[in-house]
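Okay, work-v6.cif is below, mmCIF, C-alpha atoms:
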data_input
#
loop_
_atom_site.label_atom_id
_atom_site.label_comp_id
_atom_site.auth_asym_id
_atom_site.auth_seq_id
_atom_site.Cartn_x
_atom_site.Cartn_y
_atom_site.Cartn_z
CA MET A 1 19.49 76.68 -81.32
CA ASN A 2 19.68 79.35 -78.60
CA LYS A 3 16.48 81.36 -78.23
CA THR A 4 16.71 84.76 -76.64
CA ASP A 5 14.78 88.05 -76.50
CA ALA A 6 17.76 89.99 -77.80
CA LEU A 7 21.21 89.12 -79.09
CA ILE A 8 23.94 91.68 -78.53
CA ILE A 9 26.93 91.67 -80.87
CA GLY A 10 29.90 93.19 -79.05
CA ALA A 11 30.93 93.02 -75.39
CA GLY A 12 32.38 96.52 -75.11
CA PRO A 13 30.99 99.11 -72.70
CA THR A 14 27.97 99.85 -74.87
CA GLY A 15 27.08 96.16 -75.30
CA LEU A 16 27.46 95.54 -71.57
CA PHE A 17 25.28 98.44 -70.49
CA THR A 18 22.69 97.55 -73.14
CA ALA A 19 22.54 94.07 -71.59
CA HIS A 20 21.97 95.69 -68.21
CA GLN A 21 19.09 97.75 -69.60
CA LEU A 22 17.50 94.71 -71.24
CA LYS A 23 17.67 92.65 -68.06
CA LEU A 24 16.32 95.54 -66.01
CA ILE A 25 13.15 95.69 -68.10
CA GLY A 26 12.74 91.92 -67.95
CA LEU A 27 14.19 90.75 -71.24
CA ASP A 28 16.72 87.95 -71.78
CA CYS A 29 19.86 88.49 -73.75
CA GLU A 30 23.07 86.83 -74.83
CA ILE A 31 26.28 88.48 -75.99
CA VAL A 32 28.71 87.42 -78.74
CA ASP A 33 32.20 88.90 -79.12
CA ASN A 34 35.08 88.02 -81.39
CA LEU A 35 37.68 88.84 -78.72
CA ASP A 36 38.55 86.24 -76.10
CA LYS A 37 37.71 88.67 -73.31
CA ILE A 38 35.02 91.13 -72.27
CA GLY A 39 35.56 94.87 -72.74
CA GLY A 40 35.96 95.60 -76.45
CA GLN A 41 38.17 98.55 -77.39
CA CYS A 42 38.46 99.55 -73.72
CA ILE A 43 40.29 96.34 -72.90
CA GLU A 44 42.06 95.77 -76.20
CA LEU A 45 43.21 99.27 -77.10
CA TYR A 46 43.50 101.23 -73.89
CA PRO A 47 43.19 99.09 -70.73
CA ASP A 48 45.66 101.35 -68.88
CA LYS A 49 44.71 104.71 -70.33
CA PRO A 50 42.63 106.96 -68.11
CA ILE A 51 39.19 108.06 -69.32
CA TYR A 52 37.89 111.36 -67.92
CA ASP A 53 34.43 111.74 -69.41
CA ILE A 54 32.27 109.01 -67.95
CA PRO A 55 29.47 110.80 -66.05
CA ALA A 56 30.01 110.69 -62.27
CA VAL A 57 33.33 108.86 -62.69
CA PRO A 58 36.05 111.52 -62.63
CA GLU A 59 38.75 109.16 -63.81
CA CYS A 60 39.01 105.48 -64.65
CA THR A 61 40.99 103.26 -67.00
CA GLY A 62 39.51 101.15 -69.77
CA GLU A 63 40.02 98.07 -67.60
CA GLU A 64 38.37 99.64 -64.54
CA LEU A 65 35.40 100.78 -66.60
CA THR A 66 35.00 97.26 -67.98
CA ASN A 67 35.23 95.68 -64.52
CA ASN A 68 32.65 98.10 -63.14
CA LEU A 69 30.25 97.30 -65.96
CA ILE A 70 30.76 93.57 -65.40
CA ASN A 71 30.03 94.12 -61.69
CA GLN A 72 26.88 95.98 -62.58
CA LEU A 73 25.73 92.90 -64.51
CA LYS A 74 26.36 90.53 -61.60
CA PRO A 75 22.71 90.30 -60.48
CA PHE A 76 21.84 88.93 -63.90
CA ASP A 77 22.45 85.67 -65.64
CA ILE A 78 23.86 86.56 -69.03
CA LYS A 79 25.49 84.12 -71.39
CA PHE A 80 28.65 85.35 -73.13
CA HIS A 81 29.93 83.72 -76.31
CA LEU A 82 33.53 84.91 -76.56
CA SER A 83 36.03 84.22 -79.35
CA GLU A 84 33.10 83.92 -81.74
CA ARG A 85 32.32 86.18 -84.64
CA VAL A 86 28.79 86.58 -85.96
CA ASP A 87 28.96 85.71 -89.63
CA GLU A 88 25.34 85.53 -90.74
CA VAL A 89 22.09 87.25 -89.86
CA LYS A 90 19.01 86.02 -91.76
CA LYS A 91 15.33 86.81 -91.53
CA ASP A 92 12.99 83.97 -90.56
CA GLY A 93 9.38 85.14 -90.08
CA ASP A 94 9.31 87.41 -87.04
CA ASN A 95 12.76 86.28 -85.96
CA TRP A 96 16.37 86.65 -86.99
CA ILE A 97 18.55 83.57 -87.28
CA VAL A 98 22.09 84.43 -86.32
CA LYS A 99 25.08 82.16 -86.93
CA THR A 100 28.64 82.48 -85.66
CA ASN A 101 31.88 81.23 -87.19
CA ASN A 102 31.88 78.44 -84.57
CA GLY A 103 28.47 77.25 -85.70
CA THR A 104 26.52 78.61 -82.71
CA GLU A 105 22.97 79.54 -83.77
CA PHE A 106 20.51 81.96 -82.24
CA GLN A 107 16.85 82.67 -82.86
CA THR A 108 15.82 86.12 -81.72
CA PRO A 109 13.41 88.91 -82.64
CA ASN A 110 16.06 91.52 -81.77
CA VAL A 111 19.69 91.89 -82.80
CA ILE A 112 21.61 94.77 -81.26
CA ILE A 113 24.88 95.56 -82.98
CA ALA A 114 27.26 97.16 -80.48
CA GLY A 115 30.26 96.33 -82.57
CA GLY A 116 32.48 99.40 -82.22
CA VAL A 117 34.41 99.58 -85.46
CA GLY A 118 33.89 95.93 -86.26
CA SER A 119 35.70 92.84 -85.08
CA PHE A 120 39.33 92.70 -84.02
CA GLU A 121 41.48 90.71 -86.41
CA PRO A 122 45.27 90.27 -86.39
CA ARG A 123 47.21 92.80 -88.41
CA LYS A 124 48.98 90.98 -91.20
CA PHE A 125 52.17 91.39 -93.23
CA PRO A 126 51.87 93.93 -96.02
CA LEU A 127 53.10 91.42 -98.63
CA LYS A 128 50.33 89.81 -100.66
CA GLU A 129 52.38 86.61 -101.12
CA CYS A 130 52.19 85.96 -97.38
CA GLU A 131 48.56 84.89 -97.75
CA LYS A 132 49.64 81.73 -99.57
CA PHE A 133 51.55 80.50 -96.51
CA GLU A 134 49.14 81.74 -93.88
CA ASN A 135 48.32 79.11 -91.23
CA GLN A 136 50.85 76.80 -92.87
CA SER A 137 54.18 78.47 -92.18
CA ILE A 138 53.12 82.06 -91.46
CA PHE A 139 51.12 82.62 -88.28
CA TYR A 140 49.68 85.60 -86.39
CA SER A 141 48.93 83.62 -83.25
CA ILE A 142 50.24 80.35 -81.85
CA LYS A 143 48.01 77.40 -81.10
CA ASP A 144 50.61 74.63 -80.79
CA LYS A 145 54.18 75.62 -80.04
CA LYS A 146 55.44 72.06 -80.52
CA ILE A 147 55.49 72.45 -84.31
CA PHE A 148 58.40 74.90 -83.94
CA GLU A 149 60.71 72.48 -82.09
CA GLY A 150 64.08 72.14 -83.81
CA LYS A 151 63.04 74.56 -86.57
CA THR A 152 64.03 78.08 -87.49
CA VAL A 153 61.38 80.64 -86.55
CA THR A 154 61.49 84.30 -87.56
CA ILE A 155 59.44 86.56 -85.33
CA PHE A 156 58.38 90.10 -86.26
CA GLY A 157 57.22 92.75 -83.79
CA GLY A 158 58.32 94.78 -80.79
CA GLY A 159 55.56 94.29 -78.24
CA ASP A 160 55.02 91.74 -75.50
CA SER A 161 53.66 88.99 -77.76
CA ALA A 162 56.70 89.10 -80.05
CA LEU A 163 59.18 89.25 -77.17
CA ASP A 164 57.50 86.61 -75.00
CA TRP A 165 57.39 84.16 -77.87
CA ALA A 166 60.98 84.94 -78.88
CA VAL A 167 62.11 84.08 -75.34
CA GLU A 168 59.93 80.99 -75.12
CA LEU A 169 60.74 79.55 -78.53
CA SER A 170 64.48 80.21 -78.16
CA LYS A 171 64.57 77.22 -75.78
CA ASN A 172 63.89 74.67 -78.51
CA SER A 173 64.14 76.53 -81.81
CA LYS A 174 66.50 78.79 -83.71
CA VAL A 175 64.92 82.22 -83.35
CA ASN A 176 65.33 85.36 -85.43
CA LEU A 177 63.67 88.45 -83.98
CA VAL A 178 63.09 91.32 -86.41
CA HIS A 179 61.83 94.75 -85.40
CA ARG A 180 61.58 98.10 -87.21
CA ARG A 181 63.52 100.09 -84.58
CA ASP A 182 65.93 99.63 -81.68
CA ASP A 183 63.34 100.33 -79.00
CA PHE A 184 60.88 97.68 -77.93
CA ARG A 185 57.58 98.56 -76.32
CA GLY A 186 57.25 95.28 -74.40
CA ALA A 187 57.83 94.94 -70.63
CA GLN A 188 61.34 96.07 -69.66
CA ALA A 189 62.18 92.77 -67.94
CA THR A 190 61.37 90.86 -71.13
CA VAL A 191 63.33 93.35 -73.24
CA ASP A 192 66.34 92.75 -70.95
CA THR A 193 65.94 88.98 -71.30
CA VAL A 194 65.81 89.28 -75.08
CA HIS A 195 69.01 91.36 -75.14
CA LYS A 196 70.73 88.85 -72.89
CA LEU A 197 69.64 85.94 -75.09
CA ALA A 198 70.85 87.90 -78.11
CA ASN A 199 74.27 88.42 -76.48
CA ASP A 200 74.45 84.72 -75.68
CA GLY A 201 73.67 83.88 -79.29
CA LYS A 202 70.30 82.27 -78.44
CA ILE A 203 68.32 84.86 -80.41
CA ASN A 204 69.45 86.52 -83.63
CA LEU A 205 68.31 90.09 -83.28
CA PHE A 206 67.70 92.27 -86.35
CA THR A 207 66.56 95.76 -85.48
CA LYS A 208 65.64 98.53 -87.93
CA TYR A 209 64.63 95.84 -90.39
CA GLN A 210 61.28 95.00 -91.95
CA ILE A 211 60.11 92.20 -94.22
CA SER A 212 60.62 92.92 -97.92
CA SER A 213 59.93 89.63 -99.68
CA ILE A 214 59.39 85.93 -99.18
CA SER A 215 60.55 82.96 -101.25
CA GLY A 216 59.33 79.41 -101.66
CA ASP A 217 57.02 77.57 -104.00
CA ASN A 218 54.97 75.11 -102.01
CA GLN A 219 56.95 75.55 -98.86
CA LEU A 220 58.38 78.69 -97.31
CA GLU A 221 62.15 78.69 -97.80
CA SER A 222 63.47 82.12 -96.91
CA ILE A 223 62.53 85.73 -96.41
CA ASP A 224 64.30 88.97 -97.18
CA ILE A 225 64.43 91.79 -94.68
CA LYS A 226 65.43 95.35 -95.53
CA ASN A 227 66.46 98.36 -93.46
CA ASP A 228 65.98 102.08 -94.05
CA ASN A 229 69.30 102.23 -95.93
CA LYS A 230 67.94 99.62 -98.36
CA GLU A 231 70.37 96.96 -97.13
CA THR A 232 68.85 93.53 -97.55
CA LYS A 233 69.48 90.31 -95.66
CA THR A 234 68.16 86.88 -96.55
CA LEU A 235 67.07 84.65 -93.69
CA LYS A 236 66.42 80.95 -94.21
CA THR A 237 63.43 80.11 -92.09
CA ASP A 238 60.82 77.39 -91.61
CA TYR A 239 58.24 79.58 -89.93
CA VAL A 240 57.38 83.27 -89.75
CA LEU A 241 55.36 84.81 -86.94
CA GLY A 242 53.93 88.33 -87.09
CA PHE A 243 52.80 90.14 -83.95
CA PHE A 244 51.55 93.57 -84.99
CA GLY A 245 48.54 93.77 -82.70
CA LEU A 246 44.95 93.77 -83.81
CA ILE A 247 43.00 95.85 -86.27
CA MET A 248 39.28 96.43 -86.39
CA GLN A 249 37.45 95.28 -89.48
CA LEU A 250 33.78 95.69 -90.24
CA GLY A 251 33.80 92.16 -91.62
CA PRO A 252 30.55 90.27 -92.24
CA ILE A 253 28.34 93.12 -90.89
CA ALA A 254 28.66 94.64 -94.36
CA ASN A 255 26.62 91.74 -95.80
CA TRP A 256 23.50 91.96 -93.67
CA GLY A 257 21.56 94.38 -95.85
CA LEU A 258 22.06 97.39 -93.59
CA ASN A 259 22.56 100.97 -94.72
CA ILE A 260 26.27 101.49 -94.14
CA ASP A 261 28.22 104.70 -94.65
CA LYS A 262 31.92 105.03 -93.82
CA LYS A 263 31.95 101.84 -91.73
CA THR A 264 28.99 103.01 -89.63
CA ILE A 265 25.35 101.92 -89.66
CA GLU A 266 22.53 104.42 -90.14
CA VAL A 267 19.91 104.38 -87.39
CA ASP A 268 16.95 106.43 -86.22
CA THR A 269 17.28 108.27 -82.91
CA GLU A 270 14.09 106.94 -81.35
CA LYS A 271 14.83 103.22 -81.31
CA PHE A 272 18.34 103.17 -82.77
CA GLU A 273 16.88 100.78 -85.30
CA THR A 274 18.55 100.22 -88.67
CA ASN A 275 16.74 99.96 -91.98
CA GLN A 276 15.96 96.35 -90.97
CA LYS A 277 13.16 95.92 -88.45
CA GLY A 278 14.49 94.32 -85.26
CA ILE A 279 18.15 95.10 -85.97
CA TYR A 280 19.55 97.98 -83.94
CA ALA A 281 22.98 99.60 -83.83
CA VAL A 282 24.38 101.39 -80.80
CA GLY A 283 27.72 102.85 -79.73
CA ASP A 284 30.57 103.77 -82.06
CA ILE A 285 29.16 101.73 -84.94
CA CYS A 286 25.91 103.68 -85.32
CA ASN A 287 25.49 106.91 -87.19
CA TYR A 288 22.83 109.64 -87.07
CA PRO A 289 22.89 113.43 -87.32
CA GLY A 290 24.93 114.76 -84.42
CA LYS A 291 26.42 111.38 -83.45
CA LEU A 292 29.24 111.63 -80.90
CA LYS A 293 31.60 108.69 -80.54
CA LEU A 294 31.63 108.80 -76.76
CA ILE A 295 31.03 105.95 -74.35
CA LEU A 296 28.26 107.95 -72.67
CA SER A 297 26.41 108.23 -75.99
CA GLY A 298 26.56 104.45 -76.31
CA PHE A 299 24.91 104.07 -72.92
CA HIS A 300 22.00 106.32 -73.96
CA GLU A 301 21.62 104.58 -77.30
CA GLY A 302 21.62 101.15 -75.64
CA ALA A 303 18.94 102.21 -73.14
CA LEU A 304 16.62 103.29 -75.93
CA ALA A 305 17.31 100.28 -78.15
CA ALA A 306 16.54 98.00 -75.17
CA ARG A 307 13.08 99.59 -74.79
CA ALA A 308 12.46 99.13 -78.50
CA CYS A 309 13.29 95.42 -78.16
CA PHE A 310 10.48 94.96 -75.65
CA LYS A 311 7.74 95.33 -78.24
CA LEU A 312 9.12 92.61 -80.51
CA ALA A 313 10.12 90.27 -77.67
CA LYS A 314 6.80 90.53 -75.79
CA PRO A 315 4.23 91.66 -78.35
CA ASN A 316 1.31 90.98 -76.01
CA GLU A 317 2.65 92.97 -73.08
CA LYS A 318 2.85 96.68 -72.61
CA TYR A 319 6.17 98.18 -71.55
CA ARG A 320 5.85 100.38 -68.51
CA PHE A 321 8.56 102.88 -67.59
CA GLU A 322 9.86 102.48 -64.04
CA PHE A 323 12.66 103.94 -61.93
CA THR A 324 15.21 101.67 -60.24
CA THR A 325 14.80 103.77 -57.08
CA SER A 326 11.15 102.90 -56.65
CA SER A 327 10.15 99.85 -58.68
CA LYS A 328 9.66 96.65 -56.71
CA THR A 329 9.76 94.59 -59.91
CA ILE A 330 13.13 96.02 -60.83
CA LYS A 331 14.47 95.51 -57.31
CA ASP A 332 13.39 91.88 -57.50
CA ARG A 333 15.25 91.50 -60.76
CA LEU A 334 18.33 93.04 -59.17
CA GLY A 335 17.95 90.81 -56.14
CA VAL A 336 17.92 93.76 -53.74
CA LYS A 337 15.48 94.32 -50.92
CA GLY A 338 12.73 96.90 -51.34
CA ASP A 339 12.12 99.61 -48.79
CA MET B 1 43.75 127.80 -92.13
CA ALA B 2 46.28 125.75 -94.06
CA LYS B 3 46.26 124.05 -97.44
CA ILE B 4 47.10 120.40 -96.89
CA THR B 5 47.81 118.07 -99.79
CA TYR B 6 47.00 114.41 -99.31
CA ILE B 7 48.50 112.10 -101.93
CA THR B 8 46.65 108.82 -102.11
CA HIS B 9 48.38 105.57 -103.12
CA ASP B 10 47.11 105.93 -106.70
CA ASN B 11 49.10 109.19 -106.90
CA GLN B 12 46.04 111.42 -106.84
CA ASN B 13 46.55 114.78 -105.15
CA HIS B 14 43.79 116.09 -102.92
CA THR B 15 44.45 119.62 -101.72
CA ILE B 16 42.13 120.82 -99.00
CA GLU B 17 41.87 123.89 -96.80
CA VAL B 18 41.85 122.64 -93.24
CA GLN B 19 40.91 124.84 -90.29
CA ASN B 20 43.46 125.62 -87.63
CA GLY B 21 43.09 123.41 -84.59
CA LEU B 22 41.82 120.38 -86.49
CA THR B 23 44.19 117.48 -87.02
CA VAL B 24 45.48 116.37 -90.40
CA MET B 25 43.46 113.19 -89.78
CA GLU B 26 40.22 115.14 -89.23
CA GLY B 27 40.85 117.15 -92.40
CA ALA B 28 41.02 113.87 -94.32
CA VAL B 29 38.04 112.21 -92.69
CA GLN B 30 35.77 115.24 -93.08
CA ASN B 31 36.62 115.42 -96.76
CA ASP B 32 36.38 111.71 -97.54
CA ILE B 33 40.03 111.26 -98.45
CA PRO B 34 40.39 107.51 -98.98
CA GLY B 35 42.96 105.58 -96.94
CA ILE B 36 42.71 107.45 -93.65
CA ASP B 37 40.32 105.33 -91.63
CA ALA B 38 41.01 106.66 -88.13
CA ASP B 39 39.21 103.73 -86.52
CA CYS B 40 39.93 104.85 -82.96
CA GLY B 41 38.84 108.43 -83.64
CA GLY B 42 42.13 110.13 -82.82
CA GLY B 43 43.06 108.32 -79.61
CA MET B 44 46.49 107.19 -80.82
CA ALA B 45 45.27 103.64 -80.42
CA CYS B 46 44.99 102.14 -83.90
CA ALA B 47 47.51 103.39 -86.50
CA THR B 48 44.90 103.57 -89.28
CA CYS B 49 45.58 107.28 -89.91
CA HIS B 50 49.26 106.63 -90.66
CA VAL B 51 50.86 108.94 -93.26
CA TYR B 52 54.30 109.65 -94.67
CA VAL B 53 55.29 113.28 -94.22
CA ASN B 54 57.42 114.81 -96.99
CA ASP B 55 60.99 115.28 -95.80
CA GLU B 56 60.93 119.07 -96.07
CA TRP B 57 58.00 119.15 -93.66
CA PHE B 58 58.93 116.37 -91.27
CA ASP B 59 61.13 118.54 -89.02
CA LYS B 60 58.67 121.43 -89.03
CA ILE B 61 55.78 119.63 -87.39
CA THR B 62 55.56 118.98 -83.65
CA PRO B 63 57.64 115.95 -82.73
CA LYS B 64 56.13 112.63 -81.74
CA GLU B 65 54.88 112.23 -78.21
CA ASP B 66 55.29 109.08 -76.15
CA GLY B 67 53.18 106.34 -77.54
CA GLU B 68 53.11 107.45 -81.16
CA GLU B 69 56.28 105.54 -82.05
CA ASP B 70 54.88 102.46 -80.26
CA MET B 71 51.70 102.74 -82.29
CA LEU B 72 53.69 103.13 -85.51
CA ASP B 73 55.10 99.64 -84.86
CA MET B 74 51.62 98.47 -85.81
CA ALA B 75 51.32 100.59 -88.92
CA TYR B 76 51.40 99.26 -92.44
CA GLU B 77 54.95 99.66 -93.80
CA PRO B 78 56.23 102.33 -91.42
CA LYS B 79 59.18 104.44 -92.60
CA LYS B 80 61.46 107.09 -91.10
CA ASN B 81 59.00 109.81 -92.08
CA SER B 82 55.92 108.04 -90.71
CA ARG B 83 53.49 109.90 -88.48
CA LEU B 84 49.99 109.37 -87.18
CA SER B 85 47.97 112.13 -88.81
CA CYS B 86 45.73 112.40 -85.73
CA GLN B 87 48.73 113.82 -83.88
CA ILE B 88 49.48 116.62 -86.35
CA ILE B 89 47.50 119.73 -85.46
CA VAL B 90 46.88 122.16 -88.27
CA SER B 91 48.07 125.78 -87.97
CA ASP B 92 48.98 128.56 -90.40
CA GLU B 93 52.58 127.35 -90.31
CA LEU B 94 51.55 124.08 -91.90
CA ASP B 95 50.20 125.79 -95.04
CA GLY B 96 51.46 123.66 -97.93
CA LEU B 97 52.02 120.47 -95.92
CA THR B 98 52.04 117.37 -98.08
CA VAL B 99 51.46 113.86 -96.79
CA ASN B 100 51.41 110.53 -98.58
CA ILE B 101 48.90 107.88 -97.60
CA PRO B 102 50.15 104.27 -97.60
CA SER B 103 48.59 101.92 -100.15
CA LYS B 104 46.71 100.18 -97.37
CA GLN B 105 45.99 100.79 -93.71
CA GLY B 106 45.92 97.76 -91.50
#
Can you give me the file's structure in the form of structure tokens?
Amino acid sequence: MNKTDALIIGAGPTGLFTAHQLKLIGLDCEIVDNLDKIGGQCIELYPDKPIYDIPAVPECTGEELTNNLINQLKPFDIKFHLSERVDEVKKDGDNWIVKTNNGTEFQTPNVIIAGGVGSFEPRKFPLKECEKFENQSIFYSIKDKKIFEGKTVTIFGGGDSALDWAVELSKNSKVNLVHRRDDFRGAQATVDTVHKLANDGKINLFTKYQISSISGDNQLESIDIKNDNKETKTLKTDYVLGFFGLIMQLGPIANWGLNIDKKTIEVDTEKFETNQKGIYAVGDICNYPGKLKLILSGFHEGALAARACFKLAKPNEKYRFEFTTSSKTIKDRLGVKGD
Amino acid sequence: MAKITYITHDNQNHTIEVQNGLTVMEGAVQNDIPGIDADCGGGMACATCHVYVNDEWFDKITPKEDGEEDMLDMAYEPKKNSRLSCQIIVSDELDGLTVNIPSKQG
């Protein structure tokens, strides 16, 4: 059981800066995120897109913003739990017991939800019947590529994941690559390789096609793909891989007894506390009159939620407001020399 | 101001007056039209505001910019007349625009 003063759910910009604020005022924290990397939407959705409205930063990309925030946390020892999704939050006396899908458990008086629009999950095929074969012969990510050796694999998608795997698996498998249009958005070099492999007969390329049905009782046998002109082709295949990127889903947060409206959590604007004492929501996921979904708002919300955590984490101490420019205590925490 | 009709997957018509300058996505979100989630808030980064534009209207709205077609790769059952509703800006000329919302986003 990990004990901490505050547990932050979400390692996006808001979660990271909230951690900074907690550490600055002398509280411990740990961070859980379902993605395998730090940065949240900034890193997953727009790592290369410039952002122009971070105060005092005229222009930076999602990746640069993330790296700067990580740098800002360097003086502190903060434990990250990546590739883990918080599934359960339960009250236990003055504490919350938090459990992840990997079985990690936390005991903490404060839970700060900085979850953006929820956790990132793979986008799946629109066909309901695909669920039956999921993780058996239909996959949205690859853990062990050996299972595809000598088999027929049909890959859907037009981005780097789809193209990279088409190239890789074409070495030892029969590969069909299906995409909804002629253009691919993956790296040009990979697109060229795919076209070359297609010309050499190593990849069967089907553009302007999408999945229309799947067949097989206990085992996947074949799939049908259809184009805009309603022409259908049947492909015999052992495996199907779908690479349509990630989608955000509120997921288990909906079950924690919080007041939720349109995928956002209602909070007050003093502590950014939810209807549950000791559970806060900051950043895109929180909602209050006048809420702006800007990164800068998340920073403000995190700073106030961090102060609110102090009372529950150290009930016998009084929080004293201090400036980083003048406080010796804060400078010690940052590991910088005082004047 | 333009009257925009959103047809949800259950074939319900929702006709709403949307102010000029707002996007078709914002018109839906502000009026609780189900099926347009707009998770990324209009940043062309999520494809959860995907709609089908009726053929008669498709050529009248501003064409797709770079990136929208890429994002539509991610959309649920994209078709020839697919658009991201966050990229369609409402003006008087769009009075009467009708869009269909896919049965599911994501």
9 Å contact set for Val167 in chain A, only C-alpha atoms, chain neighbours under 2 positions out, as an mmCIF file with C-alpha atoms, keeping the file's coordinate frame:
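Generated file (part_1.cif):
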data_model
loop_
_atom_site.group_PDB
_atom_site.id
_atom_site.type_symbol
_atom_site.label_atom_id
_atom_site.label_comp_id
_atom_site.auth_asym_id
_atom_site.auth_seq_id
_atom_site.Cartn_x
_atom_site.Cartn_y
_atom_site.Cartn_z
ATOM 1 C CA ALA A 162 56.700 89.100 -80.050
ATOM 2 C CA LEU A 163 59.180 89.250 -77.170
ATOM 3 C CA ASP A 164 57.500 86.610 -75.000
ATOM 4 C CA TRP A 165 57.390 84.160 -77.870
ATOM 5 C CA LEU A 169 60.740 79.550 -78.530
ATOM 6 C CA SER A 170 64.480 80.210 -78.160
ATOM 7 C CA LYS A 171 64.570 77.220 -75.780
ATOM 8 C CA VAL A 175 64.920 82.220 -83.350
ATOM 9 C CA THR A 190 61.370 90.860 -71.130
ATOM 10 C CA THR A 193 65.940 88.980 -71.300
ATOM 11 C CA VAL A 194 65.810 89.280 -75.080
ATOM 12 C CA LEU A 197 69.640 85.940 -75.090
ATOM 13 C CA LYS A 202 70.300 82.270 -78.440
ATOM 14 C CA ILE A 203 68.320 84.860 -80.410
#
Answer key for the PyMOL selection byres ((chain A and resi 243-252) around 9), residues as a ChimeraX atom specification: /A:44-45,85-88,115-125,139-141,155-162,241-242,253-256,263-264 /B:39,46-48,73-75,106
Selection dump of the PyMOL selection byres ((chain A and resi 217-231) around 10), as JSON, numbers by chain: {"A": [130, 132, 133, 136, 137, 138, 154, 178, 179, 180, 181, 206, 207, 208, 209, 210, 211, 212, 213, 214, 215, 216, 232, 233, 234, 235, 236, 237, 238, 239, 240], "B": [79, 80]}
Export of prior selection with C-alpha atoms as a JSON list (two decimals), keeping the file's coordinate frame:
[["chain", "number", "residue", "atom", "x", "y", "z"],
["A", 130, "CYS", "CA", 52.19, 85.96, -97.38],
["A", 132, "LYS", "CA", 49.64, 81.73, -99.57],
["A", 133, "PHE", "CA", 51.55, 80.50, -96.51],
["A", 136, "GLN", "CA", 50.85, 76.80, -92.87],
["A", 137, "SER", "CA", 54.18, 78.47, -92.18],
["A", 138, "ILE", "CA", 53.12, 82.06, -91.46],
["A", 154, "THR", "CA", 61.49, 84.30, -87.56],
["A", 178, "VAL", "CA", 63.09, 91.32, -86.41],
["A", 179, "HIS", "CA", 61.83, 94.75, -85.40],
["A", 180, "ARG", "CA", 61.58, 98.10, -87.21],
["A", 181, "ARG", "CA", 63.52, 100.09, -84.58],
["A", 206, "PHE", "CA", 67.70, 92.27, -86.35],
["A", 207, "THR", "CA", 66.56, 95.76, -85.48],
["A", 208, "LYS", "CA", 65.64, 98.53, -87.93],
["A", 209, "TYR", "CA", 64.63, 95.84, -90.39],
["A", 210, "GLN", "CA", 61.28, 95.00, -91.95],
["A", 211, "ILE", "CA", 60.11, 92.20, -94.22],
["A", 212, "SER", "CA", 60.62, 92.92, -97.92],
["A", 213, "SER", "CA", 59.93, 89.63, -99.68],
["A", 214, "ILE", "CA", 59.39, 85.93, -99.18],
["A", 215, "SER", "CA", 60.55, 82.96, -101.25],
["A", 216, "GLY", "CA", 59.33, 79.41, -101.66],
["A", 232, "THR", "CA", 68.85, 93.53, -97.55],
["A", 233, "LYS", "CA", 69.48, 90.31, -95.66],
["A", 234, "THR", "CA", 68.16, 86.88, -96.55],
["A", 235, "LEU", "CA", 67.07, 84.65, -93.69],
["A", 236, "LYS", "CA", 66.42, 80.95, -94.21],
["A", 237, "THR", "CA", 63.43, 80.11, -92.09],
["A", 238, "ASP", "CA", 60.82, 77.39, -91.61],
["A", 239, "TYR", "CA", 58.24, 79.58, -89.93],
["A", 240, "VAL", "CA", 57.38, 83.27, -89.75],
["B", 79, "LYS", "CA", 59.18, 104.44, -92.60],
["B", 80, "LYS", "CA", 61.46, 107.09, -91.10]]
Within 12 Å of chain A, which residues belong to chain B? Use only C-alpha atoms and report them as a tab-separated table (two decimals) with C-alpha atoms, in the frame of the given file.
chain	number	residue	atom	x	y	z
B	29	VAL	CA	38.04	112.21	-92.69
B	30	GLN	CA	35.77	115.24	-93.08
B	31	ASN	CA	36.62	115.42	-96.76
B	32	ASP	CA	36.38	111.71	-97.54
B	33	ILE	CA	40.03	111.26	-98.45
B	34	PRO	CA	40.39	107.51	-98.98
B	35	GLY	CA	42.96	105.58	-96.94
B	36	ILE	CA	42.71	107.45	-93.65
B	37	ASP	CA	40.32	105.33	-91.63
B	38	ALA	CA	41.01	106.66	-88.13
B	39	ASP	CA	39.21	103.73	-86.52
B	40	CYS	CA	39.93	104.85	-82.96
B	41	GLY	CA	38.84	108.43	-83.64
B	42	GLY	CA	42.13	110.13	-82.82
B	43	GLY	CA	43.06	108.32	-79.61
B	44	MET	CA	46.49	107.19	-80.82
B	45	ALA	CA	45.27	103.64	-80.42
B	46	CYS	CA	44.99	102.14	-83.90
B	47	ALA	CA	47.51	103.39	-86.50
B	48	THR	CA	44.90	103.57	-89.28
B	66	ASP	CA	55.29	109.08	-76.15
B	67	GLY	CA	53.18	106.34	-77.54
B	68	GLU	CA	53.11	107.45	-81.16
B	69	GLU	CA	56.28	105.54	-82.05
B	70	ASP	CA	54.88	102.46	-80.26
B	71	MET	CA	51.70	102.74	-82.29
B	72	LEU	CA	53.69	103.13	-85.51
B	73	ASP	CA	55.10	99.64	-84.86
B	74	MET	CA	51.62	98.47	-85.81
B	75	ALA	CA	51.32	100.59	-88.92
B	76	TYR	CA	51.40	99.26	-92.44
B	77	GLU	CA	54.95	99.66	-93.80
B	78	PRO	CA	56.23	102.33	-91.42
B	79	LYS	CA	59.18	104.44	-92.60
B	80	LYS	CA	61.46	107.09	-91.10
B	81	ASN	CA	59.00	109.81	-92.08
B	82	SER	CA	55.92	108.04	-90.71
B	102	PRO	CA	50.15	104.27	-97.60
B	103	SER	CA	48.59	101.92	-100.15
B	104	LYS	CA	46.71	100.18	-97.37
B	105	GLN	CA	45.99	100.79	-93.71
B	106	GLY	CA	45.92	97.76	-91.50
